[in-house]
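A.B. asks: Got a structure for you, written out below as structure tokens; questions coming shortly.
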Amino acid sequence: MIKVAIVGAGNCAKSLVEGVAFYTENKNDKVGLMNPLIGGHSASDIDFVAGFDIDERKVGKKLHEAINAEPNNTKKIAESLEYNVIVQRGPTHDSVIPELREYFIHESKSPAVDIAKILKDSKAEIVVNYLPTGSDKATYAYAEAALKANCSFINCMPTPIAKDEEIRKRFEGKGLVLMGDDIKSQCGATIANRFLLTLFKMRGMNFYQWG
């Protein structure tokens, strides 16, 4: 099994956890998988051992319960497997803008935990980062904790951490994987936006005229 810790128990994490449940229950179903096997491993080999969030509606709950808490609202892919994993209170840093504190995020008043210690205690091997776009300081904080705990780091949002030569060399020096800087779904907002921008460029649109 591949022991995974999730940073951010939002809609993307919900889809991942439910996706693992779906392919665990339907081992012969490859629909939706671009690569059913990677290095001999399938989606059913993923075991979630730790989770982090800042919202009081998720912190303190088991992972399979937290992913169904508000404000998550994506369509259910499958009934999640049950995990005896409590979502811990992570550091906020810049992971929520002031405008969202009142209307969207109910920030937990609990103190942030020692991320590296939780990762070590859970024996996590990979940290998957699902923080909101713009959470640069928070992303670097989790990456540092992953380094301290000897975990690889998959960055699923646009903070250019895998492009940072200094931190990349630190991961490589420990024999750890650092990858990502925005993991795109098959047809999500990121890839649709990139396609449209490419189309506009092909049709001769001058982007500077929008400035």
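Letters for chains follow the order of the structure tokens (A, B, ...), residue numbers begin at 1 for each chain, and ligand numbers begin at 1 in the order shown.
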Report as JSON, numbers by chain: the residues of range 46-174 of chain A with a DSSP assignment of alpha helix (DSSP H), based on the backbone of this structure.

C.D. replies: {"A": [63, 64, 65, 66, 98, 99, 100, 101, 102, 103, 115, 116, 117, 118, 119, 120, 121, 122, 136, 137, 138, 139, 140, 141, 142, 143, 144, 145, 146, 147, 148, 165, 166, 167, 168, 169, 170, 171, 172, 173]}

A.B. asks: For range 40-133 of chain A versus range 10-30 of chain A, which residues have an atom no more than 7 Å away, and what is each residue's nearest atom pair and distance in Å rounded to one decimal, using only C-alpha atoms, chain-then-number order, as CSV?

C.D. replies:
residue,atom,partner,partner_atom,distance
A:Ala43,CA,A:Val20,CA,5.6
A:Ser44,CA,A:Thr24,CA,4.6
A:Ile46,CA,A:Val20,CA,7.0
A:Ile67,CA,A:Lys14,CA,5.0
A:Asn72,CA,A:Asn11,CA,5.3
A:Asn73,CA,A:Asn11,CA,6.9
A:Thr74,CA,A:Asn11,CA,6.2
A:Ile77,CA,A:Glu18,CA,5.8
A:Ala78,CA,A:Glu18,CA,5.3
A:Glu79,CA,A:Glu18,CA,6.4
A:Ser80,CA,A:Glu18,CA,5.0
A:Leu81,CA,A:Ala21,CA,5.6
A:Tyr130,CA,A:Ala13,CA,6.8

A.B. asks: With N, CA and C atoms retained, export the selected residues as a PDB file, in the first residue's frame.

C.D. replies:
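Listing of selection26.pdb after writing:
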ATOM      1  N   ALA A  43      -4.940   2.455  -8.409  1.00  0.00           N
ATOM      2  CA  ALA A  43      -5.588   3.383  -7.475  1.00  0.00           C
ATOM      3  C   ALA A  43      -5.979   2.703  -6.168  1.00  0.00           C
ATOM      4  N   SER A  44      -6.291   1.423  -6.241  1.00  0.00           N
ATOM      5  CA  SER A  44      -6.709   0.699  -5.035  1.00  0.00           C
ATOM      6  C   SER A  44      -5.562   0.465  -4.058  1.00  0.00           C
ATOM      7  N   ILE A  46      -3.773   2.861  -2.859  1.00  0.00           N
ATOM      8  CA  ILE A  46      -3.615   4.083  -2.066  1.00  0.00           C
ATOM      9  C   ILE A  46      -4.317   3.926  -0.716  1.00  0.00           C
ATOM     10  N   ILE A  67     -14.749  14.894   4.276  1.00  0.00           N
ATOM     11  CA  ILE A  67     -14.886  15.209   2.846  1.00  0.00           C
ATOM     12  C   ILE A  67     -16.333  15.433   2.439  1.00  0.00           C
ATOM     13  N   ASN A  72     -18.035  21.514   0.927  1.00  0.00           N
ATOM     14  CA  ASN A  72     -17.877  20.560  -0.180  1.00  0.00           C
ATOM     15  C   ASN A  72     -19.235  20.285  -0.815  1.00  0.00           C
ATOM     16  N   ASN A  73     -19.254  20.226  -2.136  1.00  0.00           N
ATOM     17  CA  ASN A  73     -20.550  20.079  -2.806  1.00  0.00           C
ATOM     18  C   ASN A  73     -20.482  19.337  -4.138  1.00  0.00           C
ATOM     19  N   THR A  74     -19.411  18.585  -4.378  1.00  0.00           N
ATOM     20  CA  THR A  74     -19.306  17.864  -5.649  1.00  0.00           C
ATOM     21  C   THR A  74     -20.175  16.610  -5.630  1.00  0.00           C
ATOM     22  N   ILE A  77     -18.983  10.295  -6.235  1.00  0.00           N
ATOM     23  CA  ILE A  77     -18.525   9.295  -7.194  1.00  0.00           C
ATOM     24  C   ILE A  77     -18.839   7.896  -6.683  1.00  0.00           C
ATOM     25  N   ALA A  78     -18.577   7.704  -5.405  1.00  0.00           N
ATOM     26  CA  ALA A  78     -18.793   6.402  -4.762  1.00  0.00           C
ATOM     27  C   ALA A  78     -18.844   6.626  -3.260  1.00  0.00           C
ATOM     28  N   GLU A  79     -19.381   5.664  -2.551  1.00  0.00           N
ATOM     29  CA  GLU A  79     -19.381   5.726  -1.086  1.00  0.00           C
ATOM     30  C   GLU A  79     -17.952   5.529  -0.607  1.00  0.00           C
ATOM     31  N   SER A  80     -17.443   6.490   0.138  1.00  0.00           N
ATOM     32  CA  SER A  80     -16.054   6.423   0.576  1.00  0.00           C
ATOM     33  C   SER A  80     -15.800   5.221   1.470  1.00  0.00           C
ATOM     34  N   LEU A  81     -14.598   4.688   1.364  1.00  0.00           N
ATOM     35  CA  LEU A  81     -14.155   3.712   2.349  1.00  0.00           C
ATOM     36  C   LEU A  81     -14.041   4.437   3.687  1.00  0.00           C
ATOM     37  N   TYR A 130      -3.599  19.823  -1.738  1.00  0.00           N
ATOM     38  CA  TYR A 130      -4.809  20.343  -2.366  1.00  0.00           C
ATOM     39  C   TYR A 130      -5.221  21.684  -1.776  1.00  0.00           C
TER      40      TYR A 130
END

A.B. asks: If DSSP is run on the backbone, what residues of range 17-179 of chain A are strand (DSSP E)? A reply as a ChimeraX atom specification would be ideal.

C.D. replies: /A:46-53,87-89,126-129,152-155,178-179

A.B. asks: List every residue of range 52-127 of chain A that has an atom at most 6 Å from any atom of range 151-158 of chain A, and for each one report the closest atom pair and its distance in Å to one decimal, counting only C-alpha atoms, with rows sorted by chain and then by increasing residue number, as a tab-separated table.

C.D. replies:
residue	atom	partner	partner_atom	distance
A:Glu125	CA	A:Cys151	CA	4.8
A:Ile126	CA	A:Ser152	CA	4.6
A:Val127	CA	A:Phe153	CA	4.8

A.B. asks: What separation in Å, quoted to one decimal, exists between CA of Val59 in chain A and CA of Ser108 in chain A?

C.D. replies: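 Between these atoms lies a distance of 7.2 Å.
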
A.B. asks: Find the spatial neighbours of Ser135 in chain A, counting only C-alpha atoms, within a cut-off of 8 Å - ignore same-chain residues fewer than 5 positions away - and output them as a PyMOL selection string.

C.D. replies: chain A and resi 93-96+159

A.B. asks: For the selection you just gave me, I'd like the residues written to a file as an mmCIF file, in the first residue's frame, keeping N, CA and C atoms.

C.D. replies:
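In the end it all went to out.cif:
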data_model
loop_
_atom_site.group_PDB
_atom_site.id
_atom_site.type_symbol
_atom_site.label_atom_id
_atom_site.label_comp_id
_atom_site.auth_asym_id
_atom_site.auth_seq_id
_atom_site.Cartn_x
_atom_site.Cartn_y
_atom_site.Cartn_z
ATOM 1 N N HIS A 93 -1.618 30.242 7.445
ATOM 2 C CA HIS A 93 -0.754 31.065 6.584
ATOM 3 C C HIS A 93 -1.617 31.874 5.614
ATOM 4 N N ASP A 94 -1.435 31.681 4.298
ATOM 5 C CA ASP A 94 -2.188 32.445 3.299
ATOM 6 C C ASP A 94 -3.192 31.565 2.553
ATOM 7 N N SER A 95 -3.664 30.498 3.215
ATOM 8 C CA SER A 95 -4.538 29.552 2.521
ATOM 9 C C SER A 95 -5.999 29.995 2.461
ATOM 10 N N VAL A 96 -6.321 31.137 3.060
ATOM 11 C CA VAL A 96 -7.683 31.667 2.940
ATOM 12 C C VAL A 96 -7.608 33.192 2.938
ATOM 13 N N THR A 159 1.203 26.927 -7.110
ATOM 14 C CA THR A 159 2.439 27.441 -6.510
ATOM 15 C C THR A 159 3.643 26.729 -7.133
#
